[in-house]
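A.B. asks: Sharing data-v9.tsv, TSV, C-alpha atoms:
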```
chain	number	residue	atom	x	y	z
A	120	MET	CA	-8.34	7.80	21.95
A	121	TYR	CA	-9.79	8.51	18.55
A	122	GLU	CA	-12.85	6.47	17.60
A	123	ARG	CA	-12.89	4.13	14.64
A	124	SER	CA	-14.64	5.76	11.68
A	125	ARG	CA	-17.09	3.83	9.54
A	126	PHE	CA	-15.15	4.79	6.42
A	127	LYS	CA	-11.91	3.47	7.85
A	128	ILE	CA	-13.46	0.20	8.92
A	129	ALA	CA	-15.01	-0.18	5.48
A	130	LEU	CA	-11.62	0.35	3.87
A	131	LEU	CA	-9.97	-2.22	6.09
A	132	ALA	CA	-12.77	-4.72	5.66
A	133	ALA	CA	-12.73	-4.38	1.88
A	134	ALA	CA	-8.97	-4.75	1.72
A	135	THR	CA	-9.01	-7.72	4.07
A	136	GLY	CA	-11.80	-9.35	2.11
A	137	ALA	CA	-9.65	-9.21	-0.99
A	138	LEU	CA	-7.01	-11.27	0.80
A	139	VAL	CA	-9.31	-14.16	1.66
A	140	LEU	CA	-8.78	-17.25	-0.46
A	141	THR	CA	-11.58	-19.54	-1.60
A	142	ALA	CA	-10.27	-22.63	0.08
A	143	GLY	CA	-12.37	-21.95	3.18
A	144	CYS	CA	-14.41	-25.07	2.53
A	145	ALA	CA	-11.68	-27.02	4.25
A	146	GLY	CA	-12.70	-25.36	7.52
A	147	LYS	CA	-16.45	-25.94	7.25
A	148	GLY	CA	-17.81	-28.10	9.99
A	149	ASN	CA	-14.43	-28.15	11.65
A	150	LYS	CA	-15.23	-28.24	15.35
A	151	ASN	CA	-11.67	-28.84	16.49
A	152	LYS	CA	-10.22	-26.41	18.99
A	153	ASP	CA	-7.37	-24.13	17.97
A	154	THR	CA	-4.23	-26.20	17.44
A	155	ALA	CA	-1.73	-23.46	16.73
A	156	TYR	CA	1.24	-25.62	17.63
A	157	VAL	CA	0.13	-28.80	15.87
A	158	ALA	CA	1.39	-29.40	12.34
A	159	ARG	CA	-1.45	-29.00	9.87
A	160	ASP	CA	-1.72	-28.66	6.09
A	161	VAL	CA	-1.77	-25.08	4.88
A	162	ASP	CA	-5.35	-25.10	3.54
A	163	THR	CA	-6.84	-26.33	6.79
A	164	LEU	CA	-4.71	-24.04	8.94
A	165	TYR	CA	-5.56	-20.92	6.91
A	166	ALA	CA	-9.24	-21.82	6.82
A	167	ALA	CA	-9.26	-22.29	10.59
A	168	ALA	CA	-7.68	-18.87	11.05
A	169	GLN	CA	-10.26	-17.27	8.76
A	170	ASP	CA	-13.06	-19.05	10.59
A	171	ARG	CA	-11.88	-17.63	13.93
A	172	LEU	CA	-11.70	-14.14	12.42
A	173	ASN	CA	-15.22	-14.44	11.00
A	174	LYS	CA	-16.45	-15.39	14.47
A	175	GLY	CA	-14.79	-12.37	16.04
A	176	GLN	CA	-12.13	-14.44	17.81
A	177	THR	CA	-9.49	-12.02	16.68
A	178	LYS	CA	-6.59	-13.01	18.93
A	179	ALA	CA	-7.03	-16.71	18.11
A	180	ALA	CA	-7.21	-15.79	14.43
A	181	ALA	CA	-3.99	-13.78	14.65
A	182	ALA	CA	-2.19	-16.69	16.31
A	183	LEU	CA	-3.35	-19.09	13.61
A	184	PHE	CA	-2.39	-16.74	10.78
A	185	ASP	CA	1.05	-16.45	12.39
A	186	GLU	CA	1.18	-20.23	12.47
A	187	VAL	CA	0.47	-20.40	8.73
A	188	GLU	CA	3.64	-18.45	8.10
A	189	ARG	CA	5.64	-20.44	10.65
A	190	GLN	CA	4.62	-23.85	9.36
A	191	HIS	CA	4.48	-22.98	5.65
A	192	PRO	CA	6.90	-20.07	5.11
A	193	TYR	CA	7.34	-20.70	1.37
A	194	SER	CA	3.66	-21.07	0.55
A	195	PRO	CA	1.73	-18.28	-1.22
A	196	TRP	CA	-0.54	-18.43	1.81
A	197	ALA	CA	2.28	-17.18	4.05
A	198	ARG	CA	2.32	-13.76	2.41
A	199	ARG	CA	-1.45	-13.43	2.75
A	200	ALA	CA	-1.35	-14.71	6.31
A	201	GLN	CA	1.08	-11.95	7.33
A	202	LEU	CA	-1.42	-9.24	6.42
A	203	MET	CA	-4.36	-11.18	7.82
A	204	SER	CA	-2.42	-11.52	11.05
A	205	ALA	CA	-1.82	-7.75	11.11
A	206	PHE	CA	-5.51	-7.07	10.56
A	207	SER	CA	-6.53	-9.59	13.22
A	208	TYR	CA	-4.25	-7.95	15.78
A	209	TYR	CA	-5.66	-4.56	14.77
A	210	ALA	CA	-9.22	-5.86	15.20
A	211	ALA	CA	-8.21	-7.12	18.65
A	212	ARG	CA	-6.80	-3.64	19.43
A	213	ASP	CA	-3.34	-5.10	19.91
A	214	TYR	CA	-1.87	-2.22	17.96
A	215	ASN	CA	1.80	-2.92	18.62
A	216	LYS	CA	1.56	-6.42	17.17
A	217	ALA	CA	-0.54	-5.14	14.26
A	218	ILE	CA	2.20	-2.65	13.43
A	219	GLN	CA	4.93	-5.28	13.78
A	220	SER	CA	3.11	-7.72	11.51
A	221	ALA	CA	2.44	-5.08	8.86
A	222	GLN	CA	6.04	-3.85	8.99
A	223	ARG	CA	7.28	-7.41	8.63
A	224	PHE	CA	5.12	-7.83	5.54
A	225	LEU	CA	6.55	-4.64	4.02
A	226	SER	CA	10.12	-5.62	4.81
A	227	ILE	CA	9.68	-8.91	2.93
A	228	HIS	CA	7.30	-7.73	0.18
A	229	PRO	CA	7.92	-3.97	-0.29
A	230	GLY	CA	6.54	-3.89	-3.83
A	231	ASN	CA	3.52	-6.09	-3.29
A	232	LYS	CA	0.13	-4.87	-4.53
A	233	ASP	CA	-1.14	-4.97	-0.94
A	234	ALA	CA	1.62	-2.67	0.33
A	235	PRO	CA	-0.70	0.39	0.43
A	236	TYR	CA	-3.02	-1.54	2.74
A	237	ALA	CA	-0.13	-2.48	5.01
A	238	TYR	CA	1.04	1.14	5.25
A	239	TYR	CA	-2.50	2.28	6.00
A	240	LEU	CA	-2.92	-0.40	8.66
A	241	ILE	CA	0.26	0.84	10.36
A	242	ALA	CA	-0.98	4.43	10.23
A	243	ILE	CA	-4.40	3.58	11.64
A	244	SER	CA	-2.85	1.51	14.41
A	245	TYR	CA	-0.82	4.52	15.53
A	246	TYR	CA	-3.76	6.87	15.03
A	247	GLU	CA	-6.06	4.93	17.32
A	248	GLN	CA	-3.51	5.15	20.13
A	249	ILE	CA	-3.52	8.94	20.21
A	250	SER	CA	-4.06	10.10	23.77
A	251	ASP	CA	-5.42	13.36	25.13
A	252	VAL	CA	-3.36	16.54	24.91
A	253	THR	CA	-2.22	16.36	28.54
A	254	ARG	CA	-0.05	13.31	27.83
A	255	ASP	CA	3.13	12.68	25.83
A	256	GLN	CA	2.51	13.01	22.10
A	257	LYS	CA	5.11	10.58	20.71
A	258	THR	CA	2.40	8.31	19.32
A	259	THR	CA	0.68	11.32	17.74
A	260	GLU	CA	3.90	12.18	15.91
A	261	GLN	CA	4.24	8.56	14.78
A	262	ALA	CA	0.66	8.60	13.51
A	263	LYS	CA	1.33	11.79	11.56
A	264	GLN	CA	4.46	10.33	9.97
A	265	ALA	CA	2.72	7.07	9.06
A	266	LEU	CA	-0.29	8.89	7.57
A	267	THR	CA	2.07	11.13	5.61
A	268	ASP	CA	3.79	8.01	4.24
A	269	VAL	CA	0.45	6.74	2.95
A	270	MET	CA	-0.25	10.03	1.16
A	271	ARG	CA	3.26	10.36	-0.23
A	272	ARG	CA	3.65	6.79	-1.46
A	273	TYR	CA	0.11	6.15	-2.69
A	274	PRO	CA	-1.58	9.51	-3.43
A	275	ASN	CA	-4.11	7.89	-5.77
A	276	SER	CA	-5.07	5.03	-3.47
A	277	PRO	CA	-8.41	4.95	-1.63
A	278	TYR	CA	-6.43	5.33	1.61
A	279	ALA	CA	-4.88	8.71	0.74
A	280	ALA	CA	-8.03	10.81	1.16
A	281	ASP	CA	-8.75	9.33	4.58
A	282	ALA	CA	-5.11	9.82	5.56
A	283	LYS	CA	-5.34	13.51	4.66
A	284	VAL	CA	-8.40	14.02	6.85
A	285	LYS	CA	-6.69	12.29	9.73
A	286	ILE	CA	-3.50	14.33	9.31
A	287	ASP	CA	-5.60	17.49	9.72
A	288	LEU	CA	-7.02	16.04	12.94
A	289	VAL	CA	-3.55	15.03	14.14
A	290	ASN	CA	-2.21	18.54	13.48
A	291	ASP	CA	-5.09	20.00	15.46
A	292	HIS	CA	-4.23	17.62	18.27
A	293	LEU	CA	-0.55	18.59	18.24
A	294	ALA	CA	-1.46	22.26	18.18
A	295	GLY	CA	-3.75	21.65	21.15
A	296	LYS	CA	-0.84	20.17	23.04
A	297	GLU	CA	1.28	23.26	22.35
A	298	MET	CA	-1.56	25.49	23.50
A	299	THR	CA	-1.95	23.52	26.74
A	300	ILE	CA	1.75	23.88	27.51
A	301	GLY	CA	1.76	27.55	26.50
A	302	ARG	CA	-1.17	28.38	28.78
A	303	SER	CA	0.56	26.58	31.64
A	304	TYR	CA	3.69	28.68	31.14
A	305	GLU	CA	1.55	31.81	30.89
A	306	ASN	CA	-0.23	31.05	34.16
A	307	SER	CA	3.19	30.66	35.79
A	308	GLY	CA	4.38	34.01	34.45
A	309	LYS	CA	6.90	32.37	32.10
A	310	TRP	CA	6.03	34.66	29.22
A	311	LEU	CA	8.98	33.93	26.96
A	312	ALA	CA	8.46	30.17	27.15
A	313	ALA	CA	4.74	30.70	26.56
A	314	THR	CA	5.22	32.87	23.48
A	315	LEU	CA	7.56	30.29	21.96
A	316	ARG	CA	4.80	27.68	22.21
A	317	PHE	CA	2.16	29.99	20.75
A	318	ARG	CA	4.56	31.04	18.01
A	319	ASN	CA	5.01	27.39	17.09
A	320	VAL	CA	1.25	26.99	16.66
A	321	VAL	CA	1.06	30.06	14.41
A	322	ASP	CA	4.08	29.05	12.32
A	323	ASN	CA	3.57	25.30	12.02
A	324	PHE	CA	-0.14	24.65	12.63
A	325	GLN	CA	-1.68	27.74	11.11
A	326	THR	CA	-4.58	25.87	9.47
A	327	THR	CA	-5.83	24.44	12.77
A	328	SER	CA	-8.64	25.71	14.96
A	329	HIS	CA	-6.14	26.90	17.58
A	330	THR	CA	-4.54	29.66	15.51
A	331	PRO	CA	-6.84	32.57	16.52
A	332	GLU	CA	-6.29	31.95	20.21
A	333	ALA	CA	-2.55	31.46	19.65
A	334	LEU	CA	-2.35	34.91	18.02
A	335	TYR	CA	-4.23	36.46	20.93
A	336	ARG	CA	-1.92	34.76	23.40
A	337	LEU	CA	1.01	36.21	21.48
A	338	VAL	CA	-0.47	39.66	21.95
A	339	GLU	CA	-0.69	38.97	25.68
A	340	GLY	CA	2.80	37.56	25.82
A	341	TYR	CA	4.53	40.32	23.86
A	342	LEU	CA	2.80	43.03	25.90
A	343	SER	CA	3.90	41.29	29.11
A	344	LEU	CA	7.45	41.10	27.75
A	345	GLY	CA	7.38	44.82	26.95
A	346	ILE	CA	7.46	44.43	23.16
A	347	PRO	CA	4.31	46.27	22.01
A	348	SER	CA	5.48	46.41	18.39
A	349	GLU	CA	5.46	42.59	18.20
A	350	ALA	CA	2.11	42.50	19.97
A	351	GLN	CA	0.75	44.89	17.31
A	352	LYS	CA	1.98	42.60	14.53
A	353	ALA	CA	0.21	39.58	16.05
A	354	ALA	CA	-2.96	41.64	16.51
A	355	ALA	CA	-2.78	42.78	12.88
A	356	VAL	CA	-2.55	39.20	11.64
A	357	LEU	CA	-5.46	38.30	13.89
A	358	GLU	CA	-7.51	41.19	12.52
A	359	HIS	CA	-6.73	40.32	8.90
A	360	ASN	CA	-7.54	36.62	9.18
A	361	TYR	CA	-10.11	36.45	11.97
A	362	PRO	CA	-11.78	39.88	12.20
A	363	ASP	CA	-15.04	38.49	13.57
A	364	SER	CA	-13.55	36.20	16.19
A	365	LYS	CA	-13.79	36.75	19.93
A	366	TRP	CA	-9.99	36.55	20.06
A	367	TYR	CA	-9.59	39.63	17.88
A	368	GLU	CA	-12.06	41.56	20.04
A	369	ARG	CA	-10.06	40.66	23.12
A	370	ALA	CA	-6.77	41.53	21.42
A	371	TYR	CA	-8.11	44.91	20.34
A	372	ARG	CA	-9.25	45.74	23.89
A	373	LEU	CA	-5.91	44.60	25.27
A	374	MET	CA	-3.93	46.70	22.80
A	375	SER	CA	-6.17	49.75	23.39
A	376	ARG	CA	-5.60	49.48	27.13
A	377	HIS	CA	-1.87	48.70	27.21
A	378	ALA	CA	-0.46	49.98	23.91
A	379	PRO	CA	-2.82	52.64	22.54
A	380	LYS	CA	-0.07	54.25	20.49
A	381	ASN	CA	0.50	51.05	18.59
A	382	VAL	CA	-3.22	50.67	17.94
A	383	ALA	CA	-3.33	54.23	16.57
A	384	ALA	CA	-0.30	53.56	14.39
A	385	ALA	CA	-2.01	50.53	12.90
```
Do you think you could lay out the structure here as structure tokens?
C.D. replies:
Amino acid sequence: MYERSRFKIALLAAATGALVLTAGCAGKGNKNKDTAYVARDVDTLYAAAQDRLNKGQTKAAAALFDEVERQHPYSPWARRAQLMSAFSYYAARDYNKAIQSAQRFLSIHPGNKDAPYAYYLIAISYYEQISDVTRDQKTTEQAKQALTDVMRRYPNSPYAADAKVKIDLVNDHLAGKEMTIGRSYENSGKWLAATLRFRNVVDNFQTTSHTPEALYRLVEGYLSLGIPSEAQKAAAVLEHNYPDSKWYERAYRLMSRHAPKNVAAA
């Protein structure tokens, strides 16, 4: 799972801070236990939720923010409580509920000034669920789509730059998954299936750190499939873009040993 960056937390904290109303005085000195299912006036209920969040009681805070909306659905506080609920669930690492709360906010208030924050919160909630490359990458794809939405919809927002950095990391992760599968096929002698995976990395994730190795693996694969001309093309791309890499050195030795005529022709 990807760690929470300081920049991201600062963004979320700043955005959340902007949502806090000044009526918190109603909650000062309030020593009552959470009463999520007891009817309360909106000021006191919201202040109690904020108090729990400030104390790090994130799940209790989320429940109380949800209760603000349930008990006072037509109050201006309800809209704010939806996002505060989403943030509280995120802080509690209950990512599914954080996403649901943020999506609910966007479905009701698509043009609200806090919409960029909601989209970013969704993206980060997916991003922090990314697993290692040996597992299914559905969540990684969802994170990429959500981060892309942030960049596309709000390119000038403070969230866009962070989203771009994270998309690069997500692409590297997806390319790593393809490489893992490709190597597995290669070890099993399934050269065609392996080359298709490595080709995908070269074609769709060419800016990632996995591209040099993917090109070398293509050289291996095409030679094993008896297509030296295609192996030579992959080696040429490797030489042009990564002439000083260990992968080009290996590719050159491999071509010299198994397809010397193609090396001479190059």
A.B. asks: Could you check the closest approach to Leu172 (chain A) for each of A:Ile218, A:Lys263, A:Arg272, A:Ala211 and tell me which residue wins, using only C-alpha atoms?
C.D. replies: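 Among the listed residues, A:Ala211 lies closest to Leu172 (chain A).
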A.B. asks: Work out how far apart CA of Val284 (chain A) and CA of Thr259 (chain A) are and give it in Å to one decimal.
C.D. replies: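 Distance reported for this atom pair: 14.4 Å.
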A.B. asks: Counting only C-alpha atoms, find residues at most 12 Å from (-0.7, 10.3, -0.8) (file frame) and give them as a PyMOL selection string.
C.D. replies: chain A and resi 235+238-239+264-284+286
A.B. asks: Give me the residues near Arg302 (chain A) as a PDB file with C-alpha atoms, keeping the file's coordinate frame, where near means some atom within 9 Å (using all atoms listed in the file) and where sequence neighbours in that chain fewer than 6 positions away do not count.
C.D. replies:
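Output saved as selection21.pdb:
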```
ATOM      1  CA  ALA A 313       4.740  30.700  26.560  1.00  0.00           C
ATOM      2  CA  ARG A 316       4.800  27.680  22.210  1.00  0.00           C
ATOM      3  CA  PHE A 317       2.160  29.990  20.750  1.00  0.00           C
ATOM      4  CA  ARG A 336      -1.920  34.760  23.400  1.00  0.00           C
TER       5      ARG A 336
END
```
A.B. asks: Go ahead and compute the interatomic distance for CA of Lys365 (chain A) and CA of His329 (chain A), in Å to one decimal.
C.D. replies: 12.7 Å
A.B. asks: What's the 12 Å shell around region 175-180 of chain A, counting all atoms listed in the file, without same-chain residues fewer than 4 positions away, as a count of residues only?
C.D. replies: 33
A.B. asks: Fewer than 5 positions away in the same chain doesn't count, so skip those; otherwise give me all residues within 12 Å of Phe324 (chain A), counting all atoms listed in the file, as a ChimeraX atom specification.
C.D. replies: /A:286-298,316-319,329-331,333-334
A.B. asks: Identify, on the basis of only C-alpha atoms, every residue whose closest approach to region 378-380 of chain A does not exceed 12 Å; exclude the query and any residue fewer than 6 positions from it along the same chain; express the result as a PyMOL selection string.
C.D. replies: chain A and resi 338-339+341-343+345-351+354+370-372
A.B. asks: Now that the selection is made, can you save its residues with C-alpha atoms as a PDB file, in the coordinates of the input?
C.D. replies:
```
ATOM      1  CA  VAL A 338      -0.470  39.660  21.950  1.00  0.00           C
ATOM      2  CA  GLU A 339      -0.690  38.970  25.680  1.00  0.00           C
ATOM      3  CA  TYR A 341       4.530  40.320  23.860  1.00  0.00           C
ATOM      4  CA  LEU A 342       2.800  43.030  25.900  1.00  0.00           C
ATOM      5  CA  SER A 343       3.900  41.290  29.110  1.00  0.00           C
ATOM      6  CA  GLY A 345       7.380  44.820  26.950  1.00  0.00           C
ATOM      7  CA  ILE A 346       7.460  44.430  23.160  1.00  0.00           C
ATOM      8  CA  PRO A 347       4.310  46.270  22.010  1.00  0.00           C
ATOM      9  CA  SER A 348       5.480  46.410  18.390  1.00  0.00           C
ATOM     10  CA  GLU A 349       5.460  42.590  18.200  1.00  0.00           C
ATOM     11  CA  ALA A 350       2.110  42.500  19.970  1.00  0.00           C
ATOM     12  CA  GLN A 351       0.750  44.890  17.310  1.00  0.00           C
ATOM     13  CA  ALA A 354      -2.960  41.640  16.510  1.00  0.00           C
ATOM     14  CA  ALA A 370      -6.770  41.530  21.420  1.00  0.00           C
ATOM     15  CA  TYR A 371      -8.110  44.910  20.340  1.00  0.00           C
ATOM     16  CA  ARG A 372      -9.250  45.740  23.890  1.00  0.00           C
TER      17      ARG A 372
END
```
A.B. asks: Given the choices A:Leu240, A:Leu183, A:Leu373, A:Ala197, which gets closest to Gly340 (chain A) if the distance is worked out from only C-alpha atoms?
C.D. replies: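 Ranked by minimum distance to Gly340 (chain A), first place goes to A:Leu373.
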A.B. asks: Using all atoms listed in the file, which protein or nucleic acid residues come within 6 Å of Trp366 (chain A)? Drop anything in the same chain fewer than 3 positions from it, and give the result as a ChimeraX atom specification.
C.D. replies: /A:332,335,369
A.B. asks: With only C-alpha atoms as the atoms that count, which of A:Thr258, A:Pro195, A:Arg223, A:Leu337 lies nearest to Asp162 (chain A)?
C.D. replies: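 Nearest to Asp162 (chain A): A:Pro195.
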A.B. asks: State, in Å with one decimal place, the distance from CA of Gln261 (chain A) to CA of Tyr245 (chain A).
C.D. replies: 6.5 Å
